[in-house]
$ cat input.cif   # mmCIF, C-alpha atoms, pLDDT in the B column; chains and numbers go by the auth columns
data_entry
#
loop_
_atom_site.group_PDB
_atom_site.id
_atom_site.type_symbol
_atom_site.label_atom_id
_atom_site.label_comp_id
_atom_site.label_asym_id
_atom_site.label_seq_id
_atom_site.Cartn_x
_atom_site.Cartn_y
_atom_site.Cartn_z
_atom_site.B_iso_or_equiv
_atom_site.auth_seq_id
_atom_site.auth_asym_id
ATOM 1 C CA MET A 1 -51.642 9.523 -10.435 37.00 1 A
ATOM 2 C CA SER A 2 -49.966 8.042 -13.516 42.00 2 A
ATOM 3 C CA ALA A 3 -50.248 4.918 -15.646 44.00 3 A
ATOM 4 C CA ALA A 4 -46.966 3.749 -14.087 46.00 4 A
ATOM 5 C CA ASP A 5 -48.390 4.231 -10.578 46.00 5 A
ATOM 6 C CA PRO A 6 -52.190 4.092 -10.533 46.00 6 A
ATOM 7 C CA GLY A 7 -52.240 4.485 -6.743 50.00 7 A
ATOM 8 C CA GLY A 8 -50.550 7.884 -6.873 54.00 8 A
ATOM 9 C CA ALA A 9 -47.910 7.133 -4.196 62.00 9 A
ATOM 10 C CA ASP A 10 -45.069 7.547 -6.715 63.00 10 A
ATOM 11 C CA PRO A 11 -46.480 10.112 -9.153 60.00 11 A
ATOM 12 C CA ASP A 12 -43.482 10.260 -11.486 63.00 12 A
ATOM 13 C CA GLY A 13 -42.813 6.489 -11.400 75.00 13 A
ATOM 14 C CA ALA A 14 -39.262 7.025 -10.077 81.00 14 A
ATOM 15 C CA GLU A 15 -39.459 4.299 -7.429 84.00 15 A
ATOM 16 C CA ARG A 16 -40.874 1.805 -9.913 80.00 16 A
ATOM 17 C CA LEU A 17 -38.101 2.671 -12.392 80.00 17 A
ATOM 18 C CA ARG A 18 -35.432 2.237 -9.688 82.00 18 A
ATOM 19 C CA ALA A 19 -36.827 -1.199 -8.845 76.00 19 A
ATOM 20 C CA ALA A 20 -36.894 -2.210 -12.532 76.00 20 A
ATOM 21 C CA ALA A 21 -33.295 -0.981 -12.979 75.00 21 A
ATOM 22 C CA GLN A 22 -31.962 -3.664 -10.636 75.00 22 A
ATOM 23 C CA PRO A 23 -30.471 -6.578 -12.616 70.00 23 A
ATOM 24 C CA GLY A 24 -32.696 -9.629 -12.844 67.00 24 A
ATOM 25 C CA ALA A 25 -31.710 -13.298 -12.980 67.00 25 A
ATOM 26 C CA GLY A 26 -32.559 -13.675 -16.692 73.00 26 A
ATOM 27 C CA GLU A 27 -29.230 -12.612 -18.160 79.00 27 A
ATOM 28 C CA VAL A 28 -28.627 -12.826 -21.905 87.00 28 A
ATOM 29 C CA THR A 29 -25.885 -11.387 -24.135 91.00 29 A
ATOM 30 C CA ALA A 30 -25.368 -11.297 -27.886 94.00 30 A
ATOM 31 C CA THR A 31 -22.565 -9.792 -29.926 96.00 31 A
ATOM 32 C CA VAL A 32 -21.763 -9.045 -33.550 97.00 32 A
ATOM 33 C CA ILE A 33 -19.015 -7.315 -35.540 98.00 33 A
ATOM 34 C CA VAL A 34 -20.253 -4.661 -37.971 98.00 34 A
ATOM 35 C CA ALA A 35 -18.150 -3.441 -40.891 98.00 35 A
ATOM 36 C CA ALA A 36 -18.846 0.234 -40.164 97.00 36 A
ATOM 37 C CA PRO A 37 -17.540 2.971 -37.852 97.00 37 A
ATOM 38 C CA ALA A 38 -18.956 3.166 -34.314 97.00 38 A
ATOM 39 C CA SER A 39 -20.683 6.498 -34.964 96.00 39 A
ATOM 40 C CA ARG A 40 -22.762 4.984 -37.792 97.00 40 A
ATOM 41 C CA VAL A 41 -23.479 1.808 -35.826 98.00 41 A
ATOM 42 C CA PHE A 42 -24.593 3.787 -32.764 98.00 42 A
ATOM 43 C CA ALA A 43 -26.851 6.014 -34.871 97.00 43 A
ATOM 44 C CA ALA A 44 -28.483 2.906 -36.351 97.00 44 A
ATOM 45 C CA LEU A 45 -28.961 1.274 -32.931 97.00 45 A
ATOM 46 C CA THR A 46 -30.636 4.370 -31.544 97.00 46 A
ATOM 47 C CA ALA A 47 -32.894 4.929 -34.551 97.00 47 A
ATOM 48 C CA TRP A 48 -35.586 3.462 -32.297 96.00 48 A
ATOM 49 C CA GLU A 49 -38.422 3.403 -34.800 96.00 49 A
ATOM 50 C CA ARG A 50 -36.242 1.481 -37.293 97.00 50 A
ATOM 51 C CA GLN A 51 -35.557 -1.389 -34.875 95.00 51 A
ATOM 52 C CA GLY A 52 -38.503 -3.256 -36.361 94.00 52 A
ATOM 53 C CA ASP A 53 -36.408 -3.548 -39.542 96.00 53 A
ATOM 54 C CA TRP A 54 -34.044 -5.931 -37.759 96.00 54 A
ATOM 55 C CA ILE A 55 -36.011 -7.315 -34.795 93.00 55 A
ATOM 56 C CA PRO A 56 -38.533 -9.805 -36.217 91.00 56 A
ATOM 57 C CA PHE A 57 -42.276 -9.331 -35.672 91.00 57 A
ATOM 58 C CA THR A 58 -41.653 -6.056 -33.805 93.00 58 A
ATOM 59 C CA ARG A 59 -42.866 -2.471 -34.185 96.00 59 A
ATOM 60 C CA VAL A 60 -41.071 0.224 -32.209 96.00 60 A
ATOM 61 C CA ARG A 61 -42.177 3.783 -31.482 96.00 61 A
ATOM 62 C CA LEU A 62 -41.177 6.701 -29.317 97.00 62 A
ATOM 63 C CA VAL A 63 -43.853 7.356 -26.708 96.00 63 A
ATOM 64 C CA GLU A 64 -42.095 10.275 -24.986 96.00 64 A
ATOM 65 C CA GLY A 65 -39.032 12.346 -25.771 97.00 65 A
ATOM 66 C CA ASP A 66 -36.676 12.657 -28.705 96.00 66 A
ATOM 67 C CA GLY A 67 -34.973 9.255 -28.384 96.00 67 A
ATOM 68 C CA GLY A 68 -32.303 10.505 -25.993 96.00 68 A
ATOM 69 C CA GLU A 69 -32.003 10.229 -22.231 97.00 69 A
ATOM 70 C CA GLY A 70 -35.375 10.208 -20.510 95.00 70 A
ATOM 71 C CA SER A 71 -37.268 9.032 -23.586 97.00 71 A
ATOM 72 C CA LEU A 72 -39.828 6.242 -23.340 96.00 72 A
ATOM 73 C CA VAL A 73 -39.682 3.674 -26.140 97.00 73 A
ATOM 74 C CA GLU A 74 -42.343 1.044 -26.795 96.00 74 A
ATOM 75 C CA ALA A 75 -41.674 -2.184 -28.689 94.00 75 A
ATOM 76 C CA VAL A 76 -44.602 -4.434 -29.561 94.00 76 A
ATOM 77 C CA THR A 77 -43.809 -7.943 -30.755 90.00 77 A
ATOM 78 C CA ALA A 78 -46.701 -9.914 -32.240 92.00 78 A
ATOM 79 C CA VAL A 79 -46.590 -13.510 -33.422 89.00 79 A
ATOM 80 C CA GLY A 80 -50.057 -14.685 -34.355 91.00 80 A
ATOM 81 C CA PRO A 81 -52.385 -13.926 -31.448 92.00 81 A
ATOM 82 C CA ALA A 82 -49.492 -13.587 -28.951 88.00 82 A
ATOM 83 C CA VAL A 83 -48.506 -9.970 -28.273 90.00 83 A
ATOM 84 C CA LEU A 84 -45.660 -8.784 -26.041 86.00 84 A
ATOM 85 C CA ARG A 85 -45.480 -5.080 -25.182 91.00 85 A
ATOM 86 C CA ASP A 86 -42.107 -3.845 -23.925 90.00 86 A
ATOM 87 C CA GLU A 87 -41.633 -0.344 -22.504 94.00 87 A
ATOM 88 C CA MET A 88 -38.086 0.966 -22.116 95.00 88 A
ATOM 89 C CA ARG A 89 -36.876 4.163 -20.517 96.00 89 A
ATOM 90 C CA VAL A 90 -33.598 5.455 -21.990 97.00 90 A
ATOM 91 C CA VAL A 91 -31.506 6.186 -18.901 96.00 91 A
ATOM 92 C CA ARG A 92 -28.077 6.905 -20.409 96.00 92 A
ATOM 93 C CA MET A 93 -26.685 7.869 -23.797 97.00 93 A
ATOM 94 C CA ASP A 94 -22.948 8.060 -24.411 97.00 94 A
ATOM 95 C CA PRO A 95 -22.611 8.395 -28.197 97.00 95 A
ATOM 96 C CA PRO A 96 -21.116 6.602 -30.009 96.00 96 A
ATOM 97 C CA TYR A 97 -20.297 4.044 -27.335 96.00 97 A
ATOM 98 C CA GLU A 98 -23.247 3.085 -25.179 97.00 98 A
ATOM 99 C CA VAL A 99 -26.974 3.379 -24.589 97.00 99 A
ATOM 100 C CA ARG A 100 -28.610 2.079 -21.402 96.00 100 A
ATOM 101 C CA VAL A 101 -32.298 1.365 -21.004 96.00 101 A
ATOM 102 C CA VAL A 102 -34.542 0.056 -18.263 94.00 102 A
ATOM 103 C CA HIS A 103 -37.368 -2.233 -19.333 91.00 103 A
ATOM 104 C CA CYS A 104 -40.199 -0.931 -17.162 91.00 104 A
ATOM 105 C CA GLY A 105 -43.374 -2.501 -18.512 84.00 105 A
ATOM 106 C CA GLY A 106 -45.751 -4.912 -16.886 81.00 106 A
ATOM 107 C CA LEU A 107 -44.027 -8.131 -17.998 80.00 107 A
ATOM 108 C CA LEU A 108 -40.506 -7.254 -19.191 82.00 108 A
ATOM 109 C CA ARG A 109 -38.487 -5.505 -16.505 86.00 109 A
ATOM 110 C CA GLY A 110 -34.779 -5.004 -15.965 91.00 110 A
ATOM 111 C CA PRO A 111 -31.770 -3.113 -17.307 95.00 111 A
ATOM 112 C CA GLY A 112 -30.271 -3.463 -20.758 95.00 112 A
ATOM 113 C CA VAL A 113 -27.257 -2.011 -22.525 96.00 113 A
ATOM 114 C CA LEU A 114 -26.081 -1.731 -26.123 96.00 114 A
ATOM 115 C CA ARG A 115 -22.340 -1.081 -26.427 97.00 115 A
ATOM 116 C CA CYS A 116 -20.320 -0.141 -29.503 97.00 116 A
ATOM 117 C CA THR A 117 -16.563 -0.659 -29.450 97.00 117 A
ATOM 118 C CA GLN A 118 -14.653 0.610 -32.461 96.00 118 A
ATOM 119 C CA MET A 119 -12.062 -2.044 -33.313 95.00 119 A
ATOM 120 C CA ALA A 120 -10.698 -0.443 -36.473 89.00 120 A
ATOM 121 C CA GLU A 121 -11.670 2.500 -38.676 88.00 121 A
ATOM 122 C CA ASP A 122 -14.579 0.605 -40.263 94.00 122 A
ATOM 123 C CA ARG A 123 -15.126 -2.218 -37.787 97.00 123 A
ATOM 124 C CA THR A 124 -17.265 -2.062 -34.631 98.00 124 A
ATOM 125 C CA GLN A 125 -18.201 -4.699 -32.086 98.00 125 A
ATOM 126 C CA VAL A 126 -21.770 -4.470 -30.754 98.00 126 A
ATOM 127 C CA VAL A 127 -22.669 -6.112 -27.458 97.00 127 A
ATOM 128 C CA TRP A 128 -26.339 -6.349 -26.440 95.00 128 A
ATOM 129 C CA HIS A 129 -26.773 -7.337 -22.802 93.00 129 A
ATOM 130 C CA GLU A 130 -30.032 -7.728 -20.858 90.00 130 A
ATOM 131 C CA TRP A 131 -30.753 -8.656 -17.227 87.00 131 A
ATOM 132 C CA PHE A 132 -34.480 -9.442 -17.136 80.00 132 A
ATOM 133 C CA HIS A 133 -36.531 -9.947 -14.001 74.00 133 A
ATOM 134 C CA LEU A 134 -38.082 -13.359 -14.517 71.00 134 A
ATOM 135 C CA PRO A 135 -41.866 -13.440 -14.148 68.00 135 A
ATOM 136 C CA GLY A 136 -43.531 -16.282 -12.298 65.00 136 A
ATOM 137 C CA GLY A 137 -41.293 -16.444 -9.215 67.00 137 A
ATOM 138 C CA SER A 138 -39.583 -19.794 -8.733 66.00 138 A
ATOM 139 C CA ALA A 139 -41.352 -21.238 -11.803 61.00 139 A
ATOM 140 C CA GLY A 140 -39.744 -18.512 -13.912 61.00 140 A
ATOM 141 C CA ARG A 141 -36.308 -19.306 -12.485 63.00 141 A
ATOM 142 C CA VAL A 142 -36.820 -23.015 -13.234 58.00 142 A
ATOM 143 C CA ALA A 143 -37.990 -22.263 -16.807 60.00 143 A
ATOM 144 C CA TRP A 144 -35.148 -19.810 -17.606 55.00 144 A
ATOM 145 C CA PRO A 145 -32.523 -22.478 -18.477 57.00 145 A
ATOM 146 C CA VAL A 146 -34.968 -23.842 -21.064 56.00 146 A
ATOM 147 C CA LEU A 147 -35.867 -20.395 -22.427 63.00 147 A
ATOM 148 C CA TRP A 148 -32.340 -18.930 -22.388 54.00 148 A
ATOM 149 C CA PRO A 149 -31.044 -20.633 -25.577 56.00 149 A
ATOM 150 C CA GLY A 150 -33.989 -19.267 -27.564 63.00 150 A
ATOM 151 C CA SER A 151 -33.457 -15.787 -26.143 75.00 151 A
ATOM 152 C CA LYS A 152 -29.746 -15.878 -26.961 80.00 152 A
ATOM 153 C CA PHE A 153 -30.452 -17.186 -30.477 87.00 153 A
ATOM 154 C CA SER A 154 -33.097 -14.497 -31.103 87.00 154 A
ATOM 155 C CA LEU A 155 -30.846 -11.643 -29.963 89.00 155 A
ATOM 156 C CA THR A 156 -27.911 -12.973 -31.976 93.00 156 A
ATOM 157 C CA GLN A 157 -29.986 -13.349 -35.146 95.00 157 A
ATOM 158 C CA ALA A 158 -31.418 -9.845 -34.726 95.00 158 A
ATOM 159 C CA LEU A 159 -27.899 -8.393 -34.373 96.00 159 A
ATOM 160 C CA LYS A 160 -26.703 -10.277 -37.465 97.00 160 A
ATOM 161 C CA ARG A 161 -29.591 -8.811 -39.455 97.00 161 A
ATOM 162 C CA PHE A 162 -28.778 -5.388 -37.988 97.00 162 A
ATOM 163 C CA ALA A 163 -25.137 -5.718 -39.110 98.00 163 A
ATOM 164 C CA ARG A 164 -26.170 -6.634 -42.672 97.00 164 A
ATOM 165 C CA LEU A 165 -28.527 -3.649 -42.909 98.00 165 A
ATOM 166 C CA VAL A 166 -25.905 -1.207 -41.585 98.00 166 A
ATOM 167 C CA GLU A 167 -23.223 -2.613 -43.894 98.00 167 A
ATOM 168 C CA ARG A 168 -25.556 -2.224 -46.893 97.00 168 A
ATOM 169 C CA GLY A 169 -26.294 1.385 -45.921 96.00 169 A
ATOM 170 C CA GLN A 170 -29.975 0.601 -45.221 96.00 170 A
ATOM 171 C CA LEU A 171 -29.808 1.771 -41.571 92.00 171 A
ATOM 172 C CA PRO A 172 -30.298 4.342 -40.132 83.00 172 A
#
$ encode --input "input.cif" --output "structure tokens"
Amino acid sequence: MSAADPGGADPDGAERLRAAAQPGAGEVTATVIVAAPASRVFAALTAWERQGDWIPFTRVRLVEGDGGEGSLVEAVTAVGPAVLRDEMRVVRMDPPYEVRVVHCGGLLRGPGVLRCTQMAEDRTQVVWHEWFHLPGGSAGRVAWPVLWPGSKFSLTQALKRFARLVERGQLP
């Protein structure tokens, strides 16, 4: 038995991870241009424990692994008494171009990708794309159009802060 599968039917959690890897209806994308080469941008994106420097109210830690493929990353966002725990399994690393994760926690589930496209020697486009499974069934699907603008705004602002920190040499 495991924490991912308390019943023991899927001891390594593979089936649960496969289910979480299917794209959900809550799709959100943000993008930013960073004045830095893709290799530096990618290194900063995958400095998991530094993500709290650019994602507000969030602490990030490696739970398993070295940060590469197969690693389990935990992000805890706390605003006042509200706490959101997000677990992500790193499922693909293609430095310096792409990292894919699967959100596999209790509330946040679904695939995500961070892509770096070098546009010039010192200019890289970052695209952050998530496909969340919406909790709450039909109520979640009805609420998503109201929640989506805030999600898009939050991701975009986080990426802008990320770009500033990379450009100043403060990440990774």
$ closest_residue --input "input.cif" --among "A:Ser151, A:Thr58, A:Ser39, A:Thr156" --to "Asp122 (chain A)" --atoms "all atoms listed in the file"
A:Ser39
$ resolve_selection --input "input.cif" --expression "the PyMOL selection byres ((chain A and resi 35) around 9)" --output "PyMOL selection string"
chain A and resi 33-34+36-37+122-125+163-164+166-167
$ resolve_selection --input "input.cif" --expression "the PyMOL selection byres ((chain A and resi 95) around 12)" --output "list in words"
Ala38, Ser39, Arg40, Val41, Phe42, Ala43, Ala44, Leu45, Thr46, Gly68, Glu69, Arg92, Met93, Asp94, Pro96, Tyr97, Glu98, Val99, Arg100, Leu114, Arg115, Cys116, Thr117 and Gln118 of chain A
$ atom_distance --input "input.cif" --atom1 "CA of Leu17 (chain A)" --atom2 "CA of Trp131 (chain A)"
14.3 Å
$ atom_distance --input "input.cif" --atom1 "CA of Arg61 (chain A)" --atom2 "CA of Met88 (chain A)"
10.6 Å
$ closest_residue --input "input.cif" --among "A:Ala30, A:Ala158, A:Val91, A:Met119" --to "Phe57 (chain A)" --atoms "only C-alpha atoms"
A:Ala158
$ resolve_selection --input "input.cif" --expression "the PyMOL selection byres ((chain A and resi 106) around 10)" --output "short mmCIF file (atom, residue, chain, number, x, y, z; two decimals) with C-alpha atoms, in the frame of the given file"
data_model
loop_
_atom_site.label_atom_id
_atom_site.label_comp_id
_atom_site.auth_asym_id
_atom_site.auth_seq_id
_atom_site.Cartn_x
_atom_site.Cartn_y
_atom_site.Cartn_z
CA ALA A 4 -46.97 3.75 -14.09
CA LEU A 84 -45.66 -8.78 -26.04
CA ARG A 85 -45.48 -5.08 -25.18
CA ASP A 86 -42.11 -3.84 -23.92
CA GLU A 87 -41.63 -0.34 -22.50
CA HIS A 103 -37.37 -2.23 -19.33
CA CYS A 104 -40.20 -0.93 -17.16
CA GLY A 105 -43.37 -2.50 -18.51
CA LEU A 107 -44.03 -8.13 -18.00
CA LEU A 108 -40.51 -7.25 -19.19
CA ARG A 109 -38.49 -5.50 -16.50
CA PRO A 135 -41.87 -13.44 -14.15
#
$ residues_near_point --input "input.cif" --point "(-27.5, -4.2, -18.9)" --cutoff "6 Å" --atoms "only C-alpha atoms" --output "list in words"
Pro111, Gly112, Val113, His129, Glu130 and Trp131 of chain A
$ closest_residue --input "input.cif" --among "A:Thr31, A:Pro172, A:Leu159, A:Pro81" --to "Glu49 (chain A)" --atoms "all atoms listed in the file"
A:Pro172
$ atom_distance --input "input.cif" --atom1 "CA of Gly67 (chain A)" --atom2 "CA of Arg168 (chain A)"
23.7 Å
$ closest_residue --input "input.cif" --among "A:Arg50, A:Lys160, A:Arg16, A:Arg89" --to "Val126 (chain A)" --atoms "only C-alpha atoms"
A:Lys160
$ closest_residue --input "input.cif" --among "A:Gly26, A:Gly13, A:Arg18, A:Leu62" --to "Leu134 (chain A)" --atoms "only C-alpha atoms"
A:Gly26
$ axis_aligned_box --input "input.cif" --around "region 162-171 of chain A" --padding-each-side "8 Å" --output "JSON"
{"center_x": -26.6, "center_y": -2.4, "center_z": -42.4, "size_x": 22.8, "size_y": 24.4, "size_z": 24.9}
